[in-house]
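Since the structure comes first, as structure tokens, the remarks are kept for the end.
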Amino acid sequence: MGFFSDFKASLMKGDVLSLATAVVIGAAFGKIVGSAVDDVIMPIVGLITGGVDFTTKFITLDGNSYETLAKAKEAGAAVITYGNLVQAIINFIIISLFIFVILRAAEKAKKKEEAAVAAPAGPTQEELLTQIRDLLKK
């Protein structure tokens with residue numbers, strides 16, 4: 001087999017196709033979750049925290065005081081933008097909660113589906129052996 005036929009065979013395996021599908025769906029789901037966090041949940045968090053924008057919180061390391069992060073960066077000051085870390089932690093917690101709720105709902109739906117599709121109970125092994133024995137006797 002040639003290189004391209006080996007490559008094609010590798011791509012057509014179920015694992016690679018499943019992985020590719022998962023990556024595409026994951027990227028689309030990431031956009032949905034990001035939008036839910038940025039457009040719905042973070043404004044509520046902002047309201048609860050009194051309109052604080054964590055991304056503007058910083059500490060300068062040169063000892064000077066600057067009104068805004070942009071002015072500190074413009075002056076070339078070394079800054080620790082701890083607000084970005086706080087924002088990232090809040091986003092992570094919210095996204096994790098959001099994904100947990102969705103996965104939990106999917107698991108419950110899957111369990112209900114499995115319970116509804118349960119196969120009817122057939123004869124046990126002993127019953128089958130008894131039927132075979134009776135047929136052999138005849």
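By order in the structure tokens, chains are A, B, ...; within a chain, residues start at 1; ligands start at 1, following the order shown.
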
Original post:
So which residues touch segment 86-93 of chain A within 9 Å, counting only C-alpha atoms, skipping near sequence neighbours fewer than 5 positions away, as a PyMOL selection string?
Top reply: chain A and resi 34+37-38+42+53-55+98

**OP:** Figure out the distance between atom CA of Ile32 of chain A and atom CA of Ile102 of chain A, please, to one decimal in Å.
**Re:**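 These atoms are spaced 12.0 Å apart.
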
Subject >> Nearest to Gly26 of chain A, chosen from A:Asn64, A:Ile99, A:Leu128, A:Leu69, with only C-alpha atoms counted in the distances >> reply: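 Checking each of A:Asn64, A:Ile99, A:Leu128, A:Leu69 against Gly26 of chain A, counting only C-alpha atoms, the winner is A:Ile99.
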
What residues in segment 44-111 of chain A get the DSSP label alpha helix (DSSP H)? Please answer as a PDB file with C-alpha atoms, in the first residue's frame.
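Below is the file result-v2.pdb, written as the result:
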```
ATOM      1  CA  ILE A  44     -25.118  39.861  36.343  1.00  0.00           C
ATOM      2  CA  VAL A  45     -21.795  39.364  38.164  1.00  0.00           C
ATOM      3  CA  GLY A  46     -20.957  42.990  37.381  1.00  0.00           C
ATOM      4  CA  LEU A  47     -24.269  44.090  38.858  1.00  0.00           C
ATOM      5  CA  ILE A  48     -23.662  42.037  42.001  1.00  0.00           C
ATOM      6  CA  LEU A  69      -3.911  50.482  33.149  1.00  0.00           C
ATOM      7  CA  ALA A  70      -3.534  51.995  29.675  1.00  0.00           C
ATOM      8  CA  LYS A  71      -1.631  54.992  31.077  1.00  0.00           C
ATOM      9  CA  ALA A  72       0.646  52.724  33.107  1.00  0.00           C
ATOM     10  CA  LYS A  73       1.461  50.636  30.042  1.00  0.00           C
ATOM     11  CA  GLU A  74       1.921  53.796  27.981  1.00  0.00           C
ATOM     12  CA  TYR A  82      -4.151  40.799  38.959  1.00  0.00           C
ATOM     13  CA  GLY A  83      -7.604  41.744  37.718  1.00  0.00           C
ATOM     14  CA  ASN A  84      -7.113  39.603  34.603  1.00  0.00           C
ATOM     15  CA  LEU A  85      -6.361  36.608  36.825  1.00  0.00           C
ATOM     16  CA  VAL A  86      -9.473  37.268  38.918  1.00  0.00           C
ATOM     17  CA  GLN A  87     -11.538  37.608  35.728  1.00  0.00           C
ATOM     18  CA  ALA A  88     -10.111  34.364  34.321  1.00  0.00           C
ATOM     19  CA  ILE A  89     -10.903  32.511  37.569  1.00  0.00           C
ATOM     20  CA  ILE A  90     -14.470  33.825  37.589  1.00  0.00           C
ATOM     21  CA  ASN A  91     -14.889  32.861  33.917  1.00  0.00           C
ATOM     22  CA  PHE A  92     -13.502  29.378  34.605  1.00  0.00           C
ATOM     23  CA  ILE A  93     -15.889  28.797  37.520  1.00  0.00           C
ATOM     24  CA  ILE A  94     -18.889  30.025  35.540  1.00  0.00           C
ATOM     25  CA  ILE A  95     -17.970  28.002  32.433  1.00  0.00           C
ATOM     26  CA  SER A  96     -17.375  24.891  34.548  1.00  0.00           C
ATOM     27  CA  LEU A  97     -20.762  25.308  36.217  1.00  0.00           C
ATOM     28  CA  PHE A  98     -22.442  25.882  32.845  1.00  0.00           C
ATOM     29  CA  ILE A  99     -20.873  22.763  31.322  1.00  0.00           C
ATOM     30  CA  PHE A 100     -21.687  20.713  34.438  1.00  0.00           C
ATOM     31  CA  VAL A 101     -25.369  21.671  34.219  1.00  0.00           C
ATOM     32  CA  ILE A 102     -25.530  20.783  30.516  1.00  0.00           C
ATOM     33  CA  LEU A 103     -23.728  17.445  30.971  1.00  0.00           C
ATOM     34  CA  ARG A 104     -25.905  16.565  33.948  1.00  0.00           C
ATOM     35  CA  ALA A 105     -29.057  17.242  31.923  1.00  0.00           C
ATOM     36  CA  ALA A 106     -27.679  15.140  29.056  1.00  0.00           C
ATOM     37  CA  GLU A 107     -26.911  12.243  31.428  1.00  0.00           C
ATOM     38  CA  LYS A 108     -30.429  12.367  32.887  1.00  0.00           C
ATOM     39  CA  ALA A 109     -31.929  12.354  29.399  1.00  0.00           C
ATOM     40  CA  LYS A 110     -29.690   9.438  28.432  1.00  0.00           C
ATOM     41  CA  LYS A 111     -30.709   7.425  31.520  1.00  0.00           C
TER      42      LYS A 111
END
```

**OP:** Kindly give the distance, in Å, that separates atom CA of Ile80 of chain A and atom CA of Val52 of chain A, rounded to a single decimal.
**Re:**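 Distance reported for this atom pair: 17.7 Å.
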
Original post:
Leu61 of chain A: which residues within 8 Å, counting only C-alpha atoms, same-chain residues fewer than 2 positions away excluded, as a list in words?
Top reply: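 Counting only the stated atoms, we get Ile59, Gly63, Asn64, Ala77, Ala78, Val79 and Ile80 of chain A.
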
Selection file, N, CA, C and O atoms, as a tab-separated table (two decimals), in the first residue's frame:
```tsv
chain	number	residue	atom	x	y	z
A	59	ILE	N	-1.43	46.52	39.73
A	59	ILE	CA	-0.46	47.05	40.68
A	59	ILE	C	0.79	47.42	39.87
A	59	ILE	O	1.28	46.60	39.08
A	63	GLY	N	6.47	51.91	41.66
A	63	GLY	CA	6.18	52.80	42.79
A	63	GLY	C	5.33	54.00	42.42
A	63	GLY	O	4.85	54.71	43.30
A	64	ASN	N	5.13	54.26	41.16
A	64	ASN	CA	4.29	55.39	40.74
A	64	ASN	C	2.83	54.98	40.71
A	64	ASN	O	2.49	53.80	40.65
A	77	ALA	N	5.57	51.28	32.47
A	77	ALA	CA	5.71	50.76	33.83
A	77	ALA	C	5.44	49.26	33.85
A	77	ALA	O	4.59	48.76	33.11
A	78	ALA	N	6.18	48.58	34.71
A	78	ALA	CA	5.92	47.16	34.91
A	78	ALA	C	4.69	47.04	35.79
A	78	ALA	O	4.62	47.64	36.86
A	79	VAL	N	3.71	46.28	35.32
A	79	VAL	CA	2.46	46.15	36.07
A	79	VAL	C	2.09	44.68	36.26
A	79	VAL	O	2.40	43.84	35.42
A	80	ILE	N	1.46	44.42	37.37
A	80	ILE	CA	0.85	43.12	37.61
A	80	ILE	C	-0.64	43.33	37.46
A	80	ILE	O	-1.26	44.06	38.23
```

**OP:** Could you jot down the atom CA of Asp62 of chain A to atom CA of Gly76 of chain A separation for me, Å, one decimal place?
**Re:**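 Going from atom CA of Asp62 of chain A over to atom CA of Gly76 of chain A covers 9.7 Å.
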
**OP:** Using DSSP on the backbone, list every residue of segment 23-135 of chain A that comes out as strand (DSSP E), and give them as a list of chain:residue names.
**Re:**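 So, restricting segment 23-135 of chain A to strand (DSSP E), we get A:Ile59, A:Thr60, A:Val79, A:Ile80.
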